[in-house]
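Q: File coords33.csv below, CSV, C-alpha atoms:
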```csv
chain,number,residue,atom,x,y,z
A,697,MET,CA,193.6,177.7,112.7
A,698,TRP,CA,194.2,177.4,116.4
A,699,ASP,CA,190.7,178.9,117.0
A,700,ILE,CA,189.1,176.2,114.9
A,701,ILE,CA,190.9,173.4,116.8
A,702,LEU,CA,189.8,174.9,120.1
A,703,GLU,CA,186.2,175.3,118.9
A,704,ARG,CA,185.8,172.0,117.1
A,705,GLY,CA,188.5,169.8,118.5
A,706,SER,CA,186.3,168.1,121.1
A,707,TYR,CA,183.8,167.2,118.3
A,708,TRP,CA,186.6,165.6,116.3
A,709,ALA,CA,187.9,163.6,119.3
A,710,ILE,CA,184.4,162.3,120.0
A,711,ILE,CA,183.8,161.4,116.4
A,712,ALA,CA,187.1,159.5,116.4
A,713,VAL,CA,186.0,157.5,119.4
A,714,MET,CA,182.6,157.0,117.8
A,715,MET,CA,184.2,155.5,114.7
A,716,ILE,CA,186.1,153.0,116.9
A,717,GLY,CA,182.8,151.7,118.2
A,718,LEU,CA,181.4,151.5,114.7
A,719,TYR,CA,184.5,149.6,113.6
A,720,ILE,CA,184.2,147.0,116.3
A,721,ALA,CA,180.5,146.5,115.5
A,722,PHE,CA,181.3,146.1,111.8
A,723,SER,CA,184.5,144.0,112.0
A,724,ALA,CA,183.8,141.6,114.9
A,725,GLU,CA,182.6,138.1,114.0
A,726,ASN,CA,181.8,137.3,117.6
A,727,LEU,CA,178.3,138.4,118.4
A,728,ILE,CA,179.0,139.5,122.0
A,729,LYS,CA,182.0,141.6,120.8
A,730,ARG,CA,179.7,143.1,118.2
A,731,LEU,CA,177.2,144.1,120.8
A,732,VAL,CA,179.9,145.7,123.0
A,733,GLY,CA,181.0,147.7,119.9
A,734,LEU,CA,177.4,148.9,119.4
A,735,SER,CA,177.1,150.0,123.1
A,736,LEU,CA,180.4,151.8,122.8
A,737,PHE,CA,179.1,153.6,119.7
A,738,GLN,CA,175.9,154.5,121.5
A,739,THR,CA,177.7,155.8,124.6
A,740,THR,CA,179.8,158.0,122.4
A,741,ILE,CA,176.7,159.5,120.7
A,742,CYS,CA,175.6,160.5,124.2
A,743,LEU,CA,178.9,162.2,124.7
A,744,PHE,CA,178.4,164.2,121.6
A,745,TYR,CA,174.9,165.4,122.6
A,746,VAL,CA,176.1,166.4,126.1
A,747,LYS,CA,179.0,168.2,124.5
A,748,LEU,CA,176.6,170.2,122.4
A,749,ALA,CA,174.6,171.1,125.6
A,750,ASN,CA,177.7,172.4,127.4
A,751,VAL,CA,178.0,176.2,127.7
A,752,ALA,CA,181.4,177.8,128.3
A,753,ASN,CA,181.9,179.0,131.9
A,754,ALA,CA,178.6,177.6,133.0
A,755,THR,CA,177.7,175.3,135.9
A,756,ALA,CA,175.7,172.2,136.2
A,757,PRO,CA,171.9,172.7,135.7
A,758,VAL,CA,171.1,172.7,139.5
A,759,LEU,CA,169.9,176.1,140.5
A,760,LEU,CA,172.1,178.1,142.9
A,761,ALA,CA,170.7,180.1,145.9
A,762,GLU,CA,170.5,183.4,144.0
A,763,ASP,CA,168.2,181.9,141.3
A,764,MET,CA,165.8,180.5,143.9
A,765,PRO,CA,164.0,183.6,145.3
A,766,LYS,CA,161.9,183.0,148.4
A,767,ASP,CA,159.1,185.2,147.2
A,768,ALA,CA,158.6,183.3,143.9
A,769,TYR,CA,155.0,182.0,143.6
A,770,ARG,CA,153.6,179.4,141.4
A,771,GLY,CA,153.2,180.3,137.7
A,772,GLU,CA,155.2,183.4,138.0
A,773,GLY,CA,156.5,183.0,134.5
A,774,VAL,CA,159.9,183.6,133.0
A,775,ALA,CA,162.5,184.6,135.5
A,776,GLU,CA,165.9,186.3,134.8
A,777,LEU,CA,168.8,184.0,135.8
A,778,VAL,CA,171.8,185.3,137.8
A,779,HIS,CA,174.1,182.4,136.9
A,780,VAL,CA,174.9,180.7,133.6
A,781,TYR,CA,173.8,177.0,133.5
A,782,SER,CA,174.4,174.3,130.9
A,783,ASN,CA,171.4,173.2,128.8
A,784,PRO,CA,169.4,170.6,130.8
A,785,LEU,CA,167.3,169.2,127.9
A,786,PRO,CA,170.0,167.1,126.2
A,787,HIS,CA,170.9,165.7,129.6
A,788,VAL,CA,167.4,164.5,130.1
A,789,LEU,CA,167.3,162.9,126.6
A,790,MET,CA,170.6,161.1,127.2
A,791,LEU,CA,169.4,159.8,130.5
A,792,THR,CA,166.6,158.1,128.6
A,793,ALA,CA,168.9,156.9,125.9
A,794,ILE,CA,171.3,155.3,128.4
A,795,VAL,CA,168.6,153.4,130.2
A,796,VAL,CA,166.9,152.3,126.9
A,797,GLY,CA,170.4,151.3,125.6
A,798,VAL,CA,170.9,148.9,128.5
A,799,ALA,CA,167.4,147.5,127.9
A,800,THR,CA,168.2,146.8,124.2
A,801,LEU,CA,171.6,145.4,125.1
A,802,SER,CA,170.1,142.8,127.4
A,803,LEU,CA,167.5,141.9,124.8
A,804,GLY,CA,170.3,141.4,122.2
A,805,LEU,CA,172.3,139.3,124.7
A,806,ALA,CA,169.2,137.2,125.4
A,807,LEU,CA,168.9,136.6,121.6
A,808,ILE,CA,172.7,135.6,121.5
A,809,VAL,CA,172.2,133.2,124.4
A,810,ARG,CA,169.3,131.6,122.5
A,811,ILE,CA,171.4,131.4,119.3
A,812,ASN,CA,174.1,129.7,121.3
A,813,GLU,CA,171.6,127.2,122.6
A,814,SER,CA,170.5,126.4,119.1
A,815,TYR,CA,173.8,126.6,117.1
A,816,GLY,CA,176.4,125.9,119.8
A,817,THR,CA,178.4,128.9,118.6
A,818,ILE,CA,178.3,132.7,118.7
A,819,GLU,CA,180.6,133.3,115.8
A,820,ALA,CA,178.6,134.9,112.9
A,821,ASP,CA,180.5,133.0,110.1
A,822,GLU,CA,180.1,129.6,111.8
A,823,ILE,CA,176.4,130.3,112.2
A,824,TYR,CA,176.2,131.2,108.5
A,825,ALA,CA,178.1,128.0,107.5
A,826,SER,CA,175.8,125.9,109.7
A,827,ASP,CA,172.7,127.5,108.0
A,828,VAL,CA,174.1,126.8,104.5
A,829,LYS,CA,174.8,123.2,105.5
A,830,VAL,CA,171.3,122.6,106.8
A,831,GLN,CA,169.7,124.3,103.8
A,832,MET,CA,171.8,122.1,101.4
A,833,ALA,CA,170.7,119.0,103.2
A,834,GLU,CA,167.1,120.0,103.1
A,835,ASP,CA,167.3,120.7,99.4
A,836,ALA,CA,168.9,117.3,98.7
A,837,ASP,CA,166.1,115.6,100.7
A,838,ALA,CA,163.4,117.5,98.8
A,839,ALA,CA,165.0,116.6,95.5
A,840,ARG,CA,165.1,112.9,96.5
A,841,THR,CA,161.5,112.7,97.7
A,842,SER,CA,160.2,114.5,94.6
A,843,GLY,CA,162.1,112.1,92.5
A,844,GLU,CA,160.5,109.2,94.3
A,845,VAL,CA,157.0,110.7,93.7
A,846,VAL,CA,157.7,111.0,90.0
A,847,ARG,CA,158.9,107.4,89.8
B,7,MET,CA,188.2,186.8,133.8
B,8,THR,CA,191.7,185.2,133.8
B,9,GLY,CA,190.4,182.7,136.4
B,10,ASP,CA,187.6,181.7,134.0
B,11,MET,CA,190.0,181.4,131.2
B,12,MET,CA,192.4,179.2,133.3
B,13,GLY,CA,189.4,177.1,134.3
B,14,GLU,CA,188.3,176.7,130.7
B,15,ALA,CA,191.9,175.7,129.6
B,16,SER,CA,192.3,173.1,132.4
B,17,THR,CA,188.8,171.7,131.6
B,18,SER,CA,189.8,171.4,127.9
B,19,ILE,CA,193.0,169.6,128.9
B,20,ILE,CA,191.3,167.1,131.2
B,21,SER,CA,188.6,166.6,128.6
B,22,ALA,CA,191.2,165.8,125.9
B,23,LEU,CA,193.0,163.4,128.3
B,24,LEU,CA,189.8,161.5,129.1
B,25,LEU,CA,188.8,161.3,125.4
B,26,SER,CA,192.2,160.0,124.5
B,27,ILE,CA,191.9,157.3,127.3
B,28,LEU,CA,188.5,156.4,125.7
B,29,PHE,CA,190.2,156.2,122.2
B,30,VAL,CA,193.0,153.9,123.5
B,31,MET,CA,190.4,151.7,125.3
B,32,GLY,CA,188.4,151.4,122.1
B,33,VAL,CA,191.4,150.3,120.1
B,34,ALA,CA,192.3,147.8,122.8
B,35,ILE,CA,188.7,146.4,122.7
B,36,ALA,CA,189.0,146.1,118.9
B,37,HIS,CA,192.2,144.1,119.3
B,38,LEU,CA,191.4,141.8,122.2
B,39,ARG,CA,189.9,138.3,121.8
B,40,ASN,CA,189.3,137.5,125.4
B,41,LEU,CA,185.6,138.3,126.0
B,42,PHE,CA,186.1,138.7,129.7
B,43,ALA,CA,188.8,141.4,129.1
B,44,ILE,CA,186.5,143.1,126.5
B,45,VAL,CA,183.6,143.3,128.9
B,46,MET,CA,185.8,144.6,131.8
B,47,LEU,CA,187.3,147.2,129.5
B,48,SER,CA,183.8,148.3,128.4
B,49,GLY,CA,182.9,148.8,132.0
B,50,ILE,CA,185.9,151.0,132.6
B,51,TYR,CA,185.0,152.8,129.4
B,52,SER,CA,181.6,153.7,130.9
B,53,LEU,CA,183.3,154.8,134.1
B,54,VAL,CA,185.6,157.2,132.2
B,55,CYS,CA,182.6,158.4,130.3
B,56,ALA,CA,180.9,159.2,133.6
B,57,ALA,CA,183.9,161.2,134.7
B,58,TRP,CA,183.8,163.1,131.4
B,59,TYR,CA,180.1,163.8,131.9
B,60,ILE,CA,180.8,165.4,135.3
B,61,LEU,CA,183.5,167.5,133.7
B,62,VAL,CA,181.0,169.0,131.1
B,63,ASP,CA,178.4,169.8,133.8
B,64,ALA,CA,176.1,166.8,133.1
B,65,VAL,CA,176.1,165.5,136.7
B,66,ASP,CA,172.9,163.5,136.4
B,67,VAL,CA,174.0,161.8,133.2
B,68,GLY,CA,177.3,160.9,134.8
B,69,PHE,CA,175.5,159.4,137.8
B,70,THR,CA,173.3,157.3,135.5
B,71,GLU,CA,176.2,156.2,133.3
B,72,ALA,CA,178.2,155.1,136.4
B,73,ALA,CA,175.2,153.2,137.8
B,74,VAL,CA,173.5,151.8,134.7
B,75,GLY,CA,176.3,151.8,132.0
B,76,ALA,CA,179.2,150.7,134.2
B,77,GLY,CA,177.3,148.6,136.7
B,78,MET,CA,174.3,147.0,135.1
B,79,SER,CA,175.4,146.5,131.5
B,80,THR,CA,178.7,144.9,132.7
B,81,ALA,CA,176.7,142.5,134.9
B,82,VAL,CA,174.4,141.6,132.0
B,83,LEU,CA,177.4,141.1,129.7
B,84,LEU,CA,179.1,138.9,132.3
B,85,GLY,CA,176.0,136.8,132.6
B,86,ALA,CA,175.9,136.4,128.8
B,87,ILE,CA,179.5,135.3,128.7
B,88,LEU,CA,178.9,132.8,131.4
B,89,LEU,CA,176.1,131.2,129.3
B,90,THR,CA,178.0,131.3,126.0
B,91,SER,CA,181.8,131.3,125.6
B,92,ARG,CA,184.8,133.1,127.0
B,93,ASN,CA,186.9,133.7,123.9
B,94,ALA,CA,186.3,135.1,120.4
B,95,LYS,CA,187.8,133.4,117.4
B,96,PRO,CA,190.7,135.2,115.7
B,97,GLU,CA,189.5,137.3,112.8
B,98,ARG,CA,190.3,136.4,109.2
B,99,ARG,CA,193.2,138.3,107.7
B,100,PHE,CA,192.1,141.2,105.4
B,101,ALA,CA,188.5,140.9,106.8
B,102,ARG,CA,189.2,144.2,108.7
B,103,LEU,CA,190.0,146.3,105.6
B,104,GLY,CA,186.4,146.8,104.5
B,105,PRO,CA,185.1,148.0,107.9
B,106,LEU,CA,188.2,150.2,108.4
B,107,ALA,CA,187.6,151.9,105.1
B,108,VAL,CA,183.9,152.5,105.9
B,109,CYS,CA,184.7,153.9,109.3
B,110,ILE,CA,187.4,156.2,108.1
B,111,ALA,CA,185.1,157.5,105.3
B,112,ALA,CA,182.2,158.0,107.7
B,113,GLY,CA,184.5,159.7,110.3
B,114,ALA,CA,185.9,162.0,107.6
B,115,MET,CA,182.4,163.0,106.5
B,116,LEU,CA,181.3,163.7,110.0
B,117,ILE,CA,184.4,165.8,110.7
B,118,TYR,CA,183.7,167.7,107.5
B,119,ALA,CA,180.1,168.3,108.7
B,120,THR,CA,181.3,169.8,112.1
B,121,SER,CA,182.2,173.0,110.2
B,122,ASP,CA,178.5,173.7,110.2
B,123,LEU,CA,178.1,173.1,113.9
B,124,PRO,CA,178.1,175.9,116.4
B,125,ALA,CA,181.4,176.2,118.3
B,126,ALA,CA,181.7,174.1,121.5
B,127,GLY,CA,180.4,176.0,124.5
B,128,ASP,CA,178.6,178.7,122.5
B,129,PRO,CA,175.8,180.0,124.7
B,130,ALA,CA,174.0,181.5,121.7
B,131,SER,CA,173.8,178.3,119.7
B,132,PRO,CA,170.3,177.3,118.6
B,133,ALA,CA,170.3,174.2,120.9
B,134,ASN,CA,171.1,176.3,124.0
B,135,THR,CA,168.7,179.2,123.5
B,136,GLY,CA,165.5,177.3,122.8
B,137,VAL,CA,163.4,175.3,125.2
B,138,GLY,CA,166.3,174.3,127.4
B,139,LEU,CA,166.8,177.9,128.5
B,140,THR,CA,163.1,178.3,129.1
B,141,TYR,CA,163.0,175.3,131.3
B,142,LEU,CA,165.8,176.8,133.4
B,143,GLN,CA,163.9,180.1,133.7
B,144,ILE,CA,160.4,178.8,134.6
B,145,ASN,CA,161.5,175.8,136.6
B,146,TRP,CA,161.7,177.3,140.1
B,147,ALA,CA,158.4,179.1,140.0
B,148,ASP,CA,156.7,176.1,138.4
B,149,THR,CA,158.0,173.1,140.4
B,150,GLY,CA,160.2,174.4,143.2
B,151,VAL,CA,162.8,171.7,142.5
B,152,PRO,CA,166.4,173.1,142.3
B,153,ASN,CA,167.6,170.3,140.0
B,154,VAL,CA,166.3,171.3,136.6
B,155,VAL,CA,167.1,167.9,135.0
B,156,THR,CA,164.9,166.2,137.6
B,157,SER,CA,162.0,168.5,137.0
B,158,VAL,CA,162.2,168.2,133.2
B,159,LEU,CA,162.5,164.4,133.5
B,160,ALA,CA,159.6,163.9,135.8
B,161,SER,CA,157.4,166.9,135.2
B,162,TYR,CA,157.8,168.7,131.9
B,163,ARG,CA,158.6,165.5,130.0
B,164,GLY,CA,156.9,163.0,132.2
B,165,PHE,CA,155.3,161.1,129.4
B,166,ASP,CA,158.7,160.7,127.8
B,167,THR,CA,159.8,159.0,131.0
B,168,LEU,CA,156.7,156.9,131.1
B,169,GLY,CA,157.4,155.7,127.6
B,170,GLU,CA,161.0,154.8,128.6
B,171,THR,CA,159.7,152.8,131.5
B,172,LEU,CA,157.4,151.0,129.1
B,173,VAL,CA,160.3,150.2,126.8
B,174,VAL,CA,162.4,148.8,129.7
B,175,PHE,CA,159.4,146.7,130.7
B,176,ILE,CA,158.9,145.3,127.2
B,177,ALA,CA,162.6,144.5,126.9
B,178,GLY,CA,162.5,142.7,130.2
B,179,LEU,CA,159.4,140.8,129.2
B,180,ALA,CA,161.1,139.8,125.9
B,181,VAL,CA,164.2,138.6,127.7
B,182,VAL,CA,162.1,136.4,130.0
B,183,LEU,CA,160.1,135.0,127.1
B,184,LEU,CA,163.3,134.3,125.1
B,185,LEU,CA,165.3,132.6,127.9
B,186,GLY,CA,162.5,131.3,130.2
B,187,PHE,CA,162.8,130.3,133.8
B,188,GLY,CA,162.9,126.9,135.5
B,189,GLU,CA,161.2,124.2,133.4
B,190,ARG,CA,160.8,126.5,130.4
B,191,SER,CA,164.5,127.2,130.2
B,192,LEU,CA,166.4,125.0,127.7
B,193,ALA,CA,169.7,125.3,129.4
B,194,GLU,CA,168.2,124.4,132.7
B,195,THR,CA,166.3,121.4,131.2
B,196,LEU,CA,169.5,120.1,129.5
B,197,ARG,CA,171.5,120.4,132.7
B,198,LYS,CA,168.8,118.5,134.6
B,199,LEU,CA,168.6,115.7,132.0
B,200,LYS,CA,172.4,115.3,132.0
B,201,LYS,CA,172.4,115.0,135.8
B,202,GLU,CA,169.6,112.4,135.7
B,203,ASP,CA,171.2,110.3,133.0
B,204,LYS,CA,174.5,110.4,134.7
B,205,VAL,CA,176.3,110.5,131.4
B,206,PRO,CA,179.8,109.0,131.8
```
Please, can you express the file's structure as structure tokens?
A:
Amino acid sequence: MWDIILERGSYWAIIAVMMIGLYIAFSAENLIKRLVGLSLFQTTICLFYVKLANVANATAPVLLAEDMPKDAYRGEGVAELVHVYSNPLPHVLMLTAIVVGVATLSLGLALIVRINESYGTIEADEIYASDVKVQMAEDADAARTSGEVVR
Amino acid sequence: MTGDMMGEASTSIISALLLSILFVMGVAIAHLRNLFAIVMLSGIYSLVCAAWYILVDAVDVGFTEAAVGAGMSTAVLLGAILLTSRNAKPERRFARLGPLAVCIAAGAMLIYATSDLPAAGDPASPANTGVGLTYLQINWADTGVPNVVTSVLASYRGFDTLGETLVVFIAGLAVVLLLGFGERSLAETLRKLKKEDKVP
């Protein structure tokens, strides 16, 4: 039992934090708060990937002196490593994800600013109510004009 | 060996501490209604994430998270708050129950699925024995760059990074097209008109 907690506990903690981000994104009516929740969710997914790349008793994937032989020549092929390093590949993927995440966040915020210019609010339910009101008015207008044409 | 075990134990304790700080901060963000406080807390959240990345050997990711996640996204969010509003409306009572149920269900399913994952820190897990290990072994002879993350980012997966740059460029272009600058900007035009009319 204790082994399972030691082996999987960090995954569970990360999933709990992840679900908080998802909850904020679902429950918030305010669009900016919703985007903050999404970016929290995304950061936590990066945490999960990096945790999977971590190796016990390893060091950061920056080669130490023993693994950089002076006589190595280009294209030597696969070398045996003296030290244990963490897996560098998920780190690279998460670097890309963080930068793309900020790009999408700013795009979403630009859309929110534009919505605020048009509707005067960034609360999802007020935007919906405003949409309903405009649609009702348009329908009433259309009914009136078609009635006049028939007459 | 005992030194290694002590190191692992202290790493686990610090990791648990940082993750619980993240959890508390997430709960606080969910409860707050002041958008300024929410944005500042999300910046601190990114900073704590950066510290956690350093702890699990992802130094480059920690550096990027501190610079881009804590710095730039906080600045962008503050700009958006400046252009929209400072406070969120209080949420409707009982509107939280549905999302809460969905999140608890999703979390329970994910935790159930972790029983199939390799144990944390397992050097023989499929993710750690594949191409990641090969990059570590061939990097020095191929590129001569000590930092493997750098050489994978710019050399082995250079096209990936090129695509990322393209995505960032397109996102920036879309932001400029949406908001506009100077005469094309709606907010700017309205401000100018208001100033000219000298509305009482």
Q: Using only C-alpha atoms, which protein or nucleic acid residues come within 9 Å of range 750-752 of chain A? Drop anything in the same chain fewer than 2 positions from it, and give the result as a list in words.
A: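 Non-adjacent residues within range: Tyr745, Val746, Lys747, Leu748, Ala754, Thr755, Val780, Tyr781, Ser782 and Asn783 of chain A; Glu14, Val62, Asp63, Ala64, Ala126, Gly127, Asp128, Pro129, Ala130 and Asn134 of chain B.
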Q: What lies within 12 Å of Gly804 in chain A using all atoms listed in the file, ignoring chain neighbours under 2 positions off, as a count of residues only?
A: 30
Q: Rounded to one decimal place, report the CA of Cys109 in chain B-CA of Ala712 in chain A distance in Å.
A: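 Separation between CA of Cys109 in chain B and CA of Ala712 in chain A: 9.4 Å.
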Q: To one decimal in Å, tell me the separation between CA of Pro784 in chain A and CA of Val158 in chain B.
A: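 Separation of CA of Pro784 in chain A and CA of Val158 in chain B: 8.0 Å.
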Q: Taking 6 positions as the minimum chain separation for residues in the same chain, which residues sit within 8 Å of Val758 in chain A when counting all atoms listed in the file? Answer as a tab-separated table (two decimals) with C-alpha atoms, in the coordinates of the input.
A:
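See part15.tsv below for the written result:
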```
chain	number	residue	atom	x	y	z
A	781	TYR	CA	173.80	177.00	133.50
B	152	PRO	CA	166.40	173.10	142.30
B	153	ASN	CA	167.60	170.30	140.00
B	154	VAL	CA	166.30	171.30	136.60
B	155	VAL	CA	167.10	167.90	135.00
```
Q: Give as a list of chain:residue names every residue, naming chains and numbers as the document does, that has an atom within 8 Å of (181.1, 156.4, 131.0), counting all atoms listed in the file.
A: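 It turns out the residues near that spot are A:Thr739, B:Gly49, B:Ile50, B:Tyr51, B:Ser52, B:Leu53, B:Val54, B:Cys55, B:Ala56, B:Ala57, B:Trp58, B:Tyr59, B:Gly68, B:Glu71, B:Ala72, B:Gly75, B:Ala76.
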Q: Using all atoms listed in the file, which residue out of B:Leu103, B:Ala94, B:Leu196, B:Ile20 lies closest to chain A?
A: B:Ala94
Q: Select, counting all atoms listed in the file, all protein, DNA and RNA residues no farther than 12 Å from (181.3, 138.0, 123.8) in file coordinates, and express the selection as a ChimeraX atom specification.
A: /A:721,724-733,804-805,808-809,812,817-820 /B:35,38-46,48,80,82-95
Q: Could you give me, as an MDAnalysis selection string, the residues within 10 Å of Ile117 in chain B, counting all atoms listed in the file and dropping anything in the same chain fewer than 4 positions from it?
A: (chainID A and resid 704:705 707:712) or (chainID B and resid 111:113 121:122)
Q: So that I can see what lies close to Asp767 in chain A, please list as an NGL selection string the residues with an atom at most 12 Å from it, counting only C-alpha atoms and leaving out residues fewer than 5 positions away in the same chain.
A: (:A and (762 or 772)) or (:B and (146-147 or 150))
Q: Nearest residue to Thr792 in chain A out of B:Leu192, B:Val74, B:Val108, B:Ile27, using all atoms listed in the file?
A: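 For Thr792 in chain A, the nearest of the candidates is B:Val74.
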Q: Smallest atom-to-atom distance to Thr120 in chain B: which of A:Ile794, A:Ile701, A:Ala825, A:Ala839, using only C-alpha atoms?
A: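 Among the listed residues, the smallest separation from Thr120 in chain B belongs to A:Ile701.
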Q: Which is closest to chain B among A:Ala793, A:Met714, A:Ile700, A:Ala775, if we use all atoms listed in the file?
A: A:Ala775
Q: Pick from B:Leu25, B:Ala101, B:Val173, B:Leu116: nearest to Tyr719 in chain A, with all atoms listed in the file counted?
A: B:Ala101
Q: With all atoms listed in the file as the basis for distance, which of B:Pro105, B:Gly186, B:Gly77, B:Gly136 is at the shortest distance from chain A?
A: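 Of B:Pro105, B:Gly186, B:Gly77, B:Gly136, the one nearest chain A, counting all atoms listed in the file, is B:Pro105.
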Q: Please indicate the distance in Å from CA of Glu813 in chain A to CA of Val795 in chain A, rounded to one decimal place.
A: 27.4 Å
Q: Keeping N, CA and C atoms (and nothing else), can you write range 22-38 of chain B of this structure as a PDB file, in the first residue's frame?
A:
```
ATOM      1  N   ALA B  22       5.907  17.281  -2.819  1.00  0.00           N
ATOM      2  CA  ALA B  22       4.550  17.252  -2.256  1.00  0.00           C
ATOM      3  C   ALA B  22       4.155  18.617  -1.723  1.00  0.00           C
ATOM      4  N   LEU B  23       5.122  19.307  -1.094  1.00  0.00           N
ATOM      5  CA  LEU B  23       4.856  20.645  -0.543  1.00  0.00           C
ATOM      6  C   LEU B  23       4.478  21.615  -1.665  1.00  0.00           C
ATOM      7  N   LEU B  24       5.287  21.620  -2.748  1.00  0.00           N
ATOM      8  CA  LEU B  24       5.017  22.550  -3.848  1.00  0.00           C
ATOM      9  C   LEU B  24       3.675  22.239  -4.500  1.00  0.00           C
ATOM     10  N   LEU B  25       3.375  20.928  -4.676  1.00  0.00           N
ATOM     11  CA  LEU B  25       2.105  20.569  -5.315  1.00  0.00           C
ATOM     12  C   LEU B  25       0.922  20.958  -4.431  1.00  0.00           C
ATOM     13  N   SER B  26       1.095  20.852  -3.084  1.00  0.00           N
ATOM     14  CA  SER B  26      -0.031  21.272  -2.229  1.00  0.00           C
ATOM     15  C   SER B  26      -0.196  22.792  -2.264  1.00  0.00           C
ATOM     16  N   ILE B  27       0.938  23.537  -2.412  1.00  0.00           N
ATOM     17  CA  ILE B  27       0.811  24.992  -2.586  1.00  0.00           C
ATOM     18  C   ILE B  27       0.012  25.281  -3.857  1.00  0.00           C
ATOM     19  N   LEU B  28       0.316  24.542  -4.941  1.00  0.00           N
ATOM     20  CA  LEU B  28      -0.415  24.737  -6.197  1.00  0.00           C
ATOM     21  C   LEU B  28      -1.898  24.458  -6.011  1.00  0.00           C
ATOM     22  N   PHE B  29      -2.217  23.387  -5.246  1.00  0.00           N
ATOM     23  CA  PHE B  29      -3.613  23.020  -5.023  1.00  0.00           C
ATOM     24  C   PHE B  29      -4.350  24.130  -4.283  1.00  0.00           C
ATOM     25  N   VAL B  30      -3.724  24.624  -3.210  1.00  0.00           N
ATOM     26  CA  VAL B  30      -4.351  25.693  -2.424  1.00  0.00           C
ATOM     27  C   VAL B  30      -4.556  26.929  -3.294  1.00  0.00           C
ATOM     28  N   MET B  31      -3.552  27.223  -4.127  1.00  0.00           N
ATOM     29  CA  MET B  31      -3.674  28.413  -4.972  1.00  0.00           C
ATOM     30  C   MET B  31      -4.791  28.249  -6.003  1.00  0.00           C
ATOM     31  N   GLY B  32      -4.950  27.026  -6.531  1.00  0.00           N
ATOM     32  CA  GLY B  32      -6.041  26.770  -7.468  1.00  0.00           C
ATOM     33  C   GLY B  32      -7.392  26.969  -6.803  1.00  0.00           C
ATOM     34  N   VAL B  33      -7.544  26.461  -5.566  1.00  0.00           N
ATOM     35  CA  VAL B  33      -8.807  26.637  -4.845  1.00  0.00           C
ATOM     36  C   VAL B  33      -9.074  28.120  -4.603  1.00  0.00           C
ATOM     37  N   ALA B  34      -8.004  28.867  -4.246  1.00  0.00           N
ATOM     38  CA  ALA B  34      -8.175  30.304  -4.001  1.00  0.00           C
ATOM     39  C   ALA B  34      -8.623  31.012  -5.273  1.00  0.00           C
ATOM     40  N   ILE B  35      -8.023  30.648  -6.424  1.00  0.00           N
ATOM     41  CA  ILE B  35      -8.416  31.279  -7.689  1.00  0.00           C
ATOM     42  C   ILE B  35      -9.884  30.971  -7.985  1.00  0.00           C
ATOM     43  N   ALA B  36     -10.310  29.720  -7.694  1.00  0.00           N
ATOM     44  CA  ALA B  36     -11.705  29.353  -7.956  1.00  0.00           C
ATOM     45  C   ALA B  36     -12.661  30.179  -7.101  1.00  0.00           C
ATOM     46  N   HIS B  37     -12.226  30.582  -5.886  1.00  0.00           N
ATOM     47  CA  HIS B  37     -13.130  31.302  -4.989  1.00  0.00           C
ATOM     48  C   HIS B  37     -13.118  32.802  -5.198  1.00  0.00           C
ATOM     49  N   LEU B  38     -11.988  33.356  -5.688  1.00  0.00           N
ATOM     50  CA  LEU B  38     -11.861  34.813  -5.769  1.00  0.00           C
ATOM     51  C   LEU B  38     -12.761  35.396  -6.853  1.00  0.00           C
TER      52      LEU B  38
END
```
